Amino acid sequence: MDTYTAFIYALIAGILPALLWLWFWLKEDNLHPEPRLLIFLAFIGGMISVALVLPLQKWTLNLLDGSTIPYAVSLKYTIWAGIEEIIKLLVVYFIALRSRFLDEPVDAMIYLITAALGFAAMENAFFILKPIETGDAIQAFISGNMRFIGATLLHVIASASIGFCIALTFYKSKWLKKFSVFCGVILATTLHTAFNLFIIESSGMDTFKVFASVWVGVIFLLLFFEKARSIDSPKPLATTI
């Protein structure tokens, strides 16, 4: 199969599962749905952000590959995870976080989850491109499904944790909002790095445990999502005459 055709198939295989997850999360926000155009732009922005991430990750690899710095491997994956989370956040910031449609705390989670799914869709397409190109349909199917239940959800959980931090300080002061975003990026990077390192060093039952922990993370994410939806705007203080 030629590279162009293989890429089209890989792209479709990467996007369709991500759209399924996107449908699920948008259903969770069916009371006050976000504008479809912004959702579309956030998803496409997430996909495009892969092109911004790859050169930075390659630069990090060239810098640390063969390095004698202690824990260089862990440092490499930490920087890679941080780059991905920051780029996804910046994309959402310019597309949606400055929009007038960001009018309730849970909106930040919706947009960041959408961008994360766009990023995962493109990343997954690259991962299954080689098996499709060589005609290894079984390997492509296995890789696609493993990423559908693992890496894709990891991207959602990591980016949503930043969105949840934004939600918690939605009605707070500007400096507190900035501090909360910083904490969210640190949390997302930590979760992302831990997943990558555990997958690399695990095998067999350990891999199952890692994926099971991701699904536990999804349960907590659903709880945090409900918490974000329940955050009310501060009521004005009653005045006395």
# chains A, B, ... in the order shown; residues from 1 in each chain; ligands from 1

call {"tool": "residues_around", "arguments": {"residues": "Thr78 of chain A", "least_positions_apart": "3", "cutoff": "8 Å", "atoms": "only C-alpha atoms", "output": "number ranges by chain"}}
result
A: 74-75, 81-82, 189-190, 192-193

call {"tool": "write_last_selection", "arguments": {"atoms": "N, CA and C atoms", "output": "compact mmCIF listing (two decimals), in the first residue's frame"}}
result
# COMPACT_ATOMS: atom_id res chain seq x y z
N SER A 74 14.15 9.45 32.58
CA SER A 74 12.97 10.01 33.25
C SER A 74 12.82 11.49 32.91
N LEU A 75 13.95 12.19 32.87
CA LEU A 75 13.92 13.62 32.54
C LEU A 75 13.40 13.83 31.12
N ALA A 81 6.41 15.02 28.11
CA ALA A 81 5.03 15.15 28.61
C ALA A 81 4.68 16.61 28.85
N GLY A 82 5.61 17.36 29.44
CA GLY A 82 5.37 18.77 29.69
C GLY A 82 5.15 19.56 28.41
N THR A 189 1.51 16.86 33.72
CA THR A 189 2.83 16.37 33.31
C THR A 189 3.23 15.16 34.14
N THR A 190 2.96 15.20 35.43
CA THR A 190 3.29 14.08 36.32
C THR A 190 2.52 12.83 35.92
N HIS A 192 1.14 12.13 33.03
CA HIS A 192 1.57 11.73 31.69
C HIS A 192 2.92 11.01 31.75
N THR A 193 3.84 11.56 32.51
CA THR A 193 5.17 10.96 32.63
C THR A 193 5.09 9.59 33.29

call {"tool": "residues_around", "arguments": {"residues": "Val106 of chain A", "least_positions_apart": "4", "cutoff": "10 Å", "atoms": "only C-alpha atoms", "output": "list of chain:residue names"}}
result
A:Asp29, A:His32, A:Leu102, A:Ile110, A:Tyr111, A:Ala160, A:Gly163, A:Phe164, A:Ile166, A:Ala167, A:Leu168, A:Phe170, A:Phe224, A:Phe225, A:Glu226, A:Lys227, A:Ala228, A:Arg229, A:Ser230, A:Ile231

call {"tool": "closest_residue", "arguments": {"among": "A:Ile186, A:Ile39, A:Leu191, A:Val216", "to": "Ile86 of chain A", "atoms": "only C-alpha atoms"}}
result
A:Ile186

call {"tool": "atom_distance", "arguments": {"atom1": "atom CA of Gly45 of chain A", "atom2": "atom CA of Val92 of chain A"}}
result
7.5 Å

call {"tool": "residues_around", "arguments": {"residues": "Ala121 of chain A", "least_positions_apart": "2", "cutoff": "12 Å", "atoms": "only C-alpha atoms", "output": "PyMOL selection string"}}
result
chain A and resi 10-22+43-50+114-119+123-128+144+147-148+151-153+155-156

call {"tool": "write_last_selection", "arguments": {"atoms": "C-alpha atoms", "output": "PDB file, in the first residue's frame"}}
result
ATOM      1  CA  ALA A  10      -4.450   5.581   9.565  1.00  0.00           C
ATOM      2  CA  LEU A  11      -5.958   9.031   9.963  1.00  0.00           C
ATOM      3  CA  ILE A  12      -9.489   7.647   9.756  1.00  0.00           C
ATOM      4  CA  ALA A  13      -8.603   4.895  12.225  1.00  0.00           C
ATOM      5  CA  GLY A  14      -7.156   7.488  14.591  1.00  0.00           C
ATOM      6  CA  ILE A  15      -9.981  10.016  14.311  1.00  0.00           C
ATOM      7  CA  LEU A  16     -13.055   7.758  14.558  1.00  0.00           C
ATOM      8  CA  PRO A  17     -12.318   6.382  18.072  1.00  0.00           C
ATOM      9  CA  ALA A  18     -11.436   9.895  19.262  1.00  0.00           C
ATOM     10  CA  LEU A  19     -14.755  11.166  17.925  1.00  0.00           C
ATOM     11  CA  LEU A  20     -16.504   8.415  19.877  1.00  0.00           C
ATOM     12  CA  TRP A  21     -14.886   9.618  23.080  1.00  0.00           C
ATOM     13  CA  LEU A  22     -15.678  13.222  22.142  1.00  0.00           C
ATOM     14  CA  PHE A  43     -10.223  19.301  18.009  1.00  0.00           C
ATOM     15  CA  ILE A  44      -8.391  20.395  14.848  1.00  0.00           C
ATOM     16  CA  GLY A  45      -6.076  22.529  16.974  1.00  0.00           C
ATOM     17  CA  GLY A  46      -5.230  19.462  19.030  1.00  0.00           C
ATOM     18  CA  MET A  47      -4.410  17.540  15.865  1.00  0.00           C
ATOM     19  CA  ILE A  48      -2.238  20.333  14.485  1.00  0.00           C
ATOM     20  CA  SER A  49      -0.417  20.700  17.793  1.00  0.00           C
ATOM     21  CA  VAL A  50       1.254  17.329  17.152  1.00  0.00           C
ATOM     22  CA  THR A 114     -11.570  18.101  22.997  1.00  0.00           C
ATOM     23  CA  ALA A 115      -8.048  19.276  22.146  1.00  0.00           C
ATOM     24  CA  ALA A 116      -6.578  16.241  23.912  1.00  0.00           C
ATOM     25  CA  LEU A 117      -8.725  13.948  21.770  1.00  0.00           C
ATOM     26  CA  GLY A 118      -7.628  15.769  18.628  1.00  0.00           C
ATOM     27  CA  PHE A 119      -4.007  15.353  19.682  1.00  0.00           C
ATOM     28  CA  GLU A 123      -0.767  10.654  17.446  1.00  0.00           C
ATOM     29  CA  ASN A 124      -2.636   7.354  17.136  1.00  0.00           C
ATOM     30  CA  ALA A 125      -2.675   7.728  13.355  1.00  0.00           C
ATOM     31  CA  PHE A 126       1.118   7.944  13.323  1.00  0.00           C
ATOM     32  CA  PHE A 127       1.423   4.895  15.581  1.00  0.00           C
ATOM     33  CA  ILE A 128      -0.695   2.658  13.349  1.00  0.00           C
ATOM     34  CA  GLY A 144      -5.286   1.009  17.655  1.00  0.00           C
ATOM     35  CA  ARG A 147      -4.173   3.226  22.359  1.00  0.00           C
ATOM     36  CA  PHE A 148      -7.974   3.627  22.366  1.00  0.00           C
ATOM     37  CA  ALA A 151      -2.954   6.512  25.634  1.00  0.00           C
ATOM     38  CA  THR A 152      -6.073   8.285  24.385  1.00  0.00           C
ATOM     39  CA  LEU A 153      -7.648   8.235  27.833  1.00  0.00           C
ATOM     40  CA  HIS A 155      -4.355  12.416  27.169  1.00  0.00           C
ATOM     41  CA  VAL A 156      -7.939  13.135  28.233  1.00  0.00           C
TER      42      VAL A 156
END

call {"tool": "closest_residue", "arguments": {"among": "A:Asp103, A:Lys130, A:Tyr4, A:Lys88", "to": "Ser233 of chain A", "atoms": "only C-alpha atoms"}}
result
A:Asp103

call {"tool": "residues_around", "arguments": {"residues": "segment 59-63 of chain A", "least_positions_apart": "5", "cutoff": "9 Å", "atoms": "only C-alpha atoms", "output": "list in words"}}
result
Leu54, Lys76, Ile79 and Trp80 of chain A

call {"tool": "write_last_selection", "arguments": {"atoms": "N, CA and C atoms", "output": "PDB file, in the first residue's frame"}}
result
ATOM      1  N   LEU A  54       6.340  17.609  17.934  1.00  0.00           N
ATOM      2  CA  LEU A  54       7.372  16.684  17.456  1.00  0.00           C
ATOM      3  C   LEU A  54       8.762  17.312  17.320  1.00  0.00           C
ATOM      4  N   LYS A  76      13.834  12.966  30.193  1.00  0.00           N
ATOM      5  CA  LYS A  76      13.390  13.084  28.801  1.00  0.00           C
ATOM      6  C   LYS A  76      11.885  12.935  28.697  1.00  0.00           C
ATOM      7  N   ILE A  79      10.048  15.960  30.219  1.00  0.00           N
ATOM      8  CA  ILE A  79      10.054  17.124  29.319  1.00  0.00           C
ATOM      9  C   ILE A  79       9.090  16.888  28.162  1.00  0.00           C
ATOM     10  N   TRP A  80       9.099  15.684  27.597  1.00  0.00           N
ATOM     11  CA  TRP A  80       8.182  15.371  26.501  1.00  0.00           C
ATOM     12  C   TRP A  80       6.731  15.555  26.937  1.00  0.00           C
TER      13      TRP A  80
END

call {"tool": "atom_distance", "arguments": {"atom1": "atom CA of Cys165 of chain A", "atom2": "atom CA of Val73 of chain A"}}
result
28.5 Å

call {"tool": "atom_distance", "arguments": {"atom1": "atom CA of Val185 of chain A", "atom2": "atom CA of Ile87 of chain A"}}
result
10.6 Å

call {"tool": "closest_residue", "arguments": {"among": "A:Asn196, A:Ser161, A:Glu84, A:Pro234", "to": "Gly217 of chain A", "atoms": "only C-alpha atoms"}}
result
A:Ser161
